[in-house]
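Peer 1: Can you read through this structure? Questions will come right after.
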Amino acid sequence: MNTKLLRQKVLDLAIHGKLVPQNPEHEPASALLEKVKTCNSESIDFDNIPFEIPKTWVWCNINTINNYKTITVNPQNNKSTIYELYSIPSFEKKYPEIVKGEEIESSKIAVNKDDILLSKINPRLNRVWIVTKHTNNELIASGEWIVIRNENLFQKYLMYIFQSPYFVDKMLTEVSGVGGSLMRARPEAVKKYLFPLPPLEEQKLIVEEIERIFALIDTIEQNKTDLETVIKQTKSKILDLAIHGKLVPQDKADEPASKMLEKLRAEKEEKIANGQLKRDKNDSYIYKSGDGKWLEKKADGSEEEIEVPFEIPESWSWCRLPSVCRRNITDGTHNSPPTNDKGEFLYITAKNIKLSGIDLSNVSYVSKEIHDVIYGRCPVELNDVLLTKDGTIGEVTVNNLDYPFSLLSSVALIKPSNIVESWFITYVLKSDYMQNIMKGSSKGVALKRIILEQINQLLIPIPPLEAQKRIIEKIQRIFFLLDKL
């Protein structure tokens, strides 16, 4: 259920007069308007009203009911005064800043309790706030708000009017700027906007009904959030059982993982001897000694005992991630190339990597010349494993695109051997055990990252090939059922 659309539908019904029944005993809105209109009232072109409204309602524009007069306040003139500041950033917390004048660098505007604040910045974000007065301090607001004041109208009704799809769409048709924080509503245009005004008693009934329905939607969202949390925790538990060898029964007929790793090591040595592959300085292989110790033999011939994080079944083995890859682990281009909304070759970055596959909803493109250079270093193929390593760390998927594309350095390219299941490697990397290692070892302040050397050192449990297939089948069947909830 799309609860955002549901809220918008409720507000749409409200402003059309279809949310609550009309009561003929209520004083008509025309009489109310005569009482509350200001000297700024303007005539209405009834040939261009936006939609039909009940007979007891009237159309009016914001200027007609707004008696706010701007008063500029310079807090620097009163450095020791404490203000209750309604800033744009504080809207997200729904609580104003309580701050001394000496800390406020720019001029503000004076506001009163129950004033309605309508953000000029990026109307798409739909920030509407009623001044509440949380303290006894002087009330001021950012100049980025359009202030609407009328003590004789029901402020919550106006707030919901300004949050309605009709009003937001209207603001978006008449903005200045090109987008985001540069996009601004034009106050001179906004004050002329028409809105439907019901009788005062009906305004209160409409708000009561909106808030009753919104409370139910809040419950739906909370239950949805609770369910999503349970599903996420269940998936994590499934992956934890999988990497410990406890998700599916072990089959004694399976060829031990140690045999598979020996084959992979022999294949790699042959490629190195033929010049098809360069030996990595960190090459090693891990085996279990007769007395049950896990030993790691390195490329320089040295050998040492290693500590493994948990017990695994007898037919499983431990190895470094490169041991199950047919090529050295690499990443995409380290030079951000010029990109376009359209082009010849997809340019995939960390934001596109999801467990379900590569997300193509927000992609850019590079030219063939640029792609050829990137692809020559980092040739992504179907069923390769892609792991994010910069910014968002640990998102991982199996490449589901069967055509070439370019990759940024924020994504590592892992090419599992043909006798290792890509999805098993993916699920290991997605497990809490591995996520904690990667995120815990990340470096950087503004941008967290892990480097290829750290990825090469990842210690992973490997089951026999047939066990990998059974584990994958079980995980995907359970995940499918969970996603249906």
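Each chain in the structure tokens gets a letter, A, B and so on, in the order shown; residues start at 1 in every chain, and ligands are counted from 1 in the order they appear.
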Within 12 Å of region 455-465 of chain A, which residues of region 182-276 of chain A show up? Give each one with its shortest atom-to-atom distance in Å (one decimal) and the two atoms involved, counting only C-alpha atoms, rows by chain then rising residue number, as JSON lines.
Peer 2:
```
{"residue": "A:Asp240", "atom": "CA", "partner": "A:Pro461", "partner_atom": "CA", "distance": 11.6}
{"residue": "A:Ala242", "atom": "CA", "partner": "A:Pro463", "partner_atom": "CA", "distance": 10.0}
{"residue": "A:Ile243", "atom": "CA", "partner": "A:Pro461", "partner_atom": "CA", "distance": 6.6}
{"residue": "A:His244", "atom": "CA", "partner": "A:Pro461", "partner_atom": "CA", "distance": 8.0}
{"residue": "A:Gly245", "atom": "CA", "partner": "A:Pro463", "partner_atom": "CA", "distance": 7.8}
{"residue": "A:Lys246", "atom": "CA", "partner": "A:Pro463", "partner_atom": "CA", "distance": 11.4}
{"residue": "A:Leu247", "atom": "CA", "partner": "A:Pro463", "partner_atom": "CA", "distance": 11.9}
{"residue": "A:Val248", "atom": "CA", "partner": "A:Pro463", "partner_atom": "CA", "distance": 11.2}
{"residue": "A:Pro249", "atom": "CA", "partner": "A:Pro463", "partner_atom": "CA", "distance": 11.7}
{"residue": "A:Gln250", "atom": "CA", "partner": "A:Pro463", "partner_atom": "CA", "distance": 9.4}
{"residue": "A:Asp251", "atom": "CA", "partner": "A:Pro464", "partner_atom": "CA", "distance": 9.4}
{"residue": "A:Lys252", "atom": "CA", "partner": "A:Pro464", "partner_atom": "CA", "distance": 10.2}
{"residue": "A:Ala253", "atom": "CA", "partner": "A:Pro464", "partner_atom": "CA", "distance": 10.0}
{"residue": "A:Asp254", "atom": "CA", "partner": "A:Pro464", "partner_atom": "CA", "distance": 6.2}
{"residue": "A:Glu255", "atom": "CA", "partner": "A:Pro464", "partner_atom": "CA", "distance": 6.0}
{"residue": "A:Pro256", "atom": "CA", "partner": "A:Pro464", "partner_atom": "CA", "distance": 5.3}
{"residue": "A:Ala257", "atom": "CA", "partner": "A:Pro464", "partner_atom": "CA", "distance": 4.4}
{"residue": "A:Ser258", "atom": "CA", "partner": "A:Pro464", "partner_atom": "CA", "distance": 8.1}
{"residue": "A:Lys259", "atom": "CA", "partner": "A:Pro464", "partner_atom": "CA", "distance": 8.7}
{"residue": "A:Met260", "atom": "CA", "partner": "A:Pro464", "partner_atom": "CA", "distance": 7.3}
{"residue": "A:Leu261", "atom": "CA", "partner": "A:Ile462", "partner_atom": "CA", "distance": 9.0}
```
Peer 1: Could you name the residues that touch Val99 (chain A) at 6 Å or less, counting only C-alpha atoms, but leaving out those on the same chain fewer than 2 positions away, as a ChimeraX atom specification?
Peer 2: /A:82-83,97
Peer 1: Between A:Gln435, A:Leu321, A:Asn328, A:Lys268, which is the closest to Asp280 (chain A) once you count only C-alpha atoms?
Peer 2: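 Nearest to Asp280 (chain A): A:Asn328.
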Peer 1: I'd like the interatomic distance between CA of Leu355 (chain A) and CA of Asp372 (chain A), to a tenth of an Å.
Peer 2: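 Those two atoms sit 27.0 Å apart.
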Peer 1: For Asn152 (chain A), please output as a PyMOL selection string all residues within 9 Å (counting only C-alpha atoms; exclusion window: fewer than 3 positions along the same chain).
Peer 2: chain A and resi 32+35-36+155+200
Peer 1: Of the residues A:Ala31, A:Ile53, A:Met434, A:Ile109, which is the one nearest to Lys69 (chain A), using only C-alpha atoms?
Peer 2: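 Of A:Ala31, A:Ile53, A:Met434, A:Ile109, the one nearest Lys69 (chain A) is A:Ile109, counting only C-alpha atoms.
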Peer 1: Please, which residues in region 53-89 of chain A fall within 10 Å of region 131-143 of chain A when counting only C-alpha atoms, and what is the closest atom pair and distance in Å to one decimal for each, ordered by chain then residue number, as a Markdown table?
Peer 2:
```
| residue | atom | partner | partner_atom | distance |
| --- | --- | --- | --- | --- |
| A:Thr70 | CA | A:Gly143 | CA | 9.7 |
| A:Ile71 | CA | A:Ile140 | CA | 9.7 |
| A:Thr72 | CA | A:Gly143 | CA | 8.9 |
| A:Val73 | CA | A:Ile140 | CA | 7.6 |
| A:Asn74 | CA | A:Ile140 | CA | 9.9 |
| A:Pro75 | CA | A:Ile140 | CA | 9.4 |
| A:Thr81 | CA | A:Asn137 | CA | 8.3 |
| A:Ile82 | CA | A:Asn137 | CA | 6.1 |
| A:Tyr83 | CA | A:Glu138 | CA | 5.1 |
| A:Glu84 | CA | A:Leu139 | CA | 5.0 |
| A:Leu85 | CA | A:Ile140 | CA | 5.0 |
| A:Tyr86 | CA | A:Ala141 | CA | 4.5 |
| A:Ser87 | CA | A:Ser142 | CA | 5.1 |
| A:Ile88 | CA | A:Ser142 | CA | 6.9 |
| A:Pro89 | CA | A:Ser142 | CA | 9.9 |
```
Peer 1: Could you turn the residues from that selection into a file that holds N, CA and C atoms, as a short mmCIF file (atom, residue, chain, number, x, y, z; two decimals), in the first residue's frame?
Peer 2:
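The file below, part.cif, is the result:
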```cif
data_model
loop_
_atom_site.label_atom_id
_atom_site.label_comp_id
_atom_site.auth_asym_id
_atom_site.auth_seq_id
_atom_site.Cartn_x
_atom_site.Cartn_y
_atom_site.Cartn_z
N THR A 70 5.09 42.20 6.92
CA THR A 70 6.48 41.83 7.21
C THR A 70 7.16 42.85 8.13
N ILE A 71 7.74 42.32 9.19
CA ILE A 71 8.57 43.13 10.08
C ILE A 71 9.94 42.45 10.15
N THR A 72 10.97 43.16 9.71
CA THR A 72 12.32 42.60 9.69
C THR A 72 12.96 42.72 11.07
N VAL A 73 13.64 41.64 11.47
CA VAL A 73 14.32 41.60 12.76
C VAL A 73 15.80 41.31 12.49
N ASN A 74 16.68 42.12 13.05
CA ASN A 74 18.13 41.87 12.93
C ASN A 74 18.64 41.42 14.30
N PRO A 75 18.78 40.11 14.52
CA PRO A 75 19.21 39.60 15.83
C PRO A 75 20.57 40.12 16.27
N THR A 81 19.73 38.56 23.36
CA THR A 81 18.33 38.10 23.34
C THR A 81 18.25 36.67 22.82
N ILE A 82 17.43 35.87 23.46
CA ILE A 82 17.21 34.50 23.01
C ILE A 82 15.95 34.46 22.15
N TYR A 83 16.08 33.86 21.00
CA TYR A 83 14.98 33.80 20.05
C TYR A 83 14.49 32.37 19.87
N GLU A 84 13.23 32.26 19.52
CA GLU A 84 12.66 30.99 19.05
C GLU A 84 12.59 31.11 17.54
N LEU A 85 13.54 30.45 16.84
CA LEU A 85 13.75 30.65 15.41
C LEU A 85 13.17 29.49 14.59
N TYR A 86 12.22 29.83 13.72
CA TYR A 86 11.63 28.84 12.82
C TYR A 86 12.41 28.88 11.49
N SER A 87 13.45 28.06 11.44
CA SER A 87 14.30 28.00 10.25
C SER A 87 13.86 26.85 9.36
N ILE A 88 14.31 26.87 8.13
CA ILE A 88 14.00 25.77 7.21
C ILE A 88 14.59 24.45 7.71
N PRO A 89 15.89 24.40 8.12
CA PRO A 89 16.46 23.13 8.60
C PRO A 89 15.74 22.56 9.81
#
```
Peer 1: Using DSSP assignments from the backbone, pull out every residue in region 171-327 of chain A that falls under helix (DSSP H, G or I) and give it to me as a count of residues only.
Peer 2: 74
Peer 1: List the neighbours of region 409-412 of chain A out to 9 Å using only C-alpha atoms; skip same-chain residues closer than 4 positions along the sequence, and give me the result as a list of chain:residue names.
Peer 2: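 Contacts, in chain order: A:Ile329, A:Thr330, A:Asp331, A:Gly332, A:Thr333, A:His334, A:Asn335, A:Ser336, A:Ile348, A:Thr349, A:Ala350, A:Ile353, A:Val385, A:Leu386, A:Leu387, A:Thr388, A:Lys389, A:Asp390, A:Gly391, A:Thr392, A:Ile393, A:Arg449, A:Leu452, A:Ile455.
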Peer 1: Determine, counting only C-alpha atoms, which protein, DNA and RNA residues have an atom within 6 Å of an atom of Val58 (chain A); residues of the same chain fewer than 5 positions away are not included. Present the result as a ChimeraX atom specification.
Peer 2: /A:29,196-197
Peer 1: Using only C-alpha atoms, determine which residues lie at most 12 Å from Leu264 (chain A), disregarding the query and same-chain residues fewer than 3 positions distant; provide the list as a PyMOL selection string.
Peer 2: chain A and resi 257-261+267-271+285+319+322-327+416-420
Peer 1: Which of these residues is nearest to Gly343 (chain A), using only C-alpha atoms: A:Val380, A:Asn2, A:Lys298, A:Ser406?
Peer 2: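 Of A:Val380, A:Asn2, A:Lys298, A:Ser406, the one nearest Gly343 (chain A), counting only C-alpha atoms, is A:Ser406.
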Peer 1: What does the distance between CA of Pro165 (chain A) and CA of Pro54 (chain A) come to in Å, to one decimal place?
Peer 2: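 A separation of 19.1 Å between them.
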Peer 1: Might you pull out every residue within 7 Å of Trp129 (chain A), with only C-alpha atoms counted and same-chain residues fewer than 3 positions away left off, and present them as a PDB file with N, CA and C atoms, in the first residue's frame?
Peer 2:
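As written to disk, selection-v6.pdb reads:
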```pdb
ATOM      1  N   ILE A 116       0.998  30.675   9.760  1.00  0.00           N
ATOM      2  CA  ILE A 116       1.308  29.515   8.914  1.00  0.00           C
ATOM      3  C   ILE A 116       2.505  29.860   8.050  1.00  0.00           C
ATOM      4  N   LEU A 117       3.494  28.967   8.058  1.00  0.00           N
ATOM      5  CA  LEU A 117       4.721  29.162   7.292  1.00  0.00           C
ATOM      6  C   LEU A 117       4.720  28.209   6.103  1.00  0.00           C
ATOM      7  N   LEU A 118       4.899  28.786   4.938  1.00  0.00           N
ATOM      8  CA  LEU A 118       4.909  28.024   3.691  1.00  0.00           C
ATOM      9  C   LEU A 118       6.263  28.232   3.036  1.00  0.00           C
TER      10      LEU A 118
END
```
Peer 1: What does the distance from CA of Val10 (chain A) to CA of Glu144 (chain A) come to in Å, to one decimal?
Peer 2: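 Those two atoms sit 28.1 Å apart.
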Peer 1: Nearest residue to Ser302 (chain A) out of A:Ser284, A:Ser119, A:Ile210, A:Lys354, using only C-alpha atoms?
Peer 2: A:Ser284
Peer 1: As a VMD selection string, please: every residue in region 55-242 of chain A that DSSP puts in strand (DSSP E or B).
Peer 2: chain A and resid 58 to 61 72 to 73 82 to 86 97 to 100 108 to 110 116 to 119 121 128 to 130 138 to 141 145 to 148 175 to 176 184 to 185 194 to 197
Peer 1: Which of these, A:Asn48, A:Arg184, A:Leu239, A:Pro338, has the shortest distance to Ile471 (chain A) once you count only C-alpha atoms?
Peer 2: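 Under the stated criterion, the closest residue is A:Leu239.
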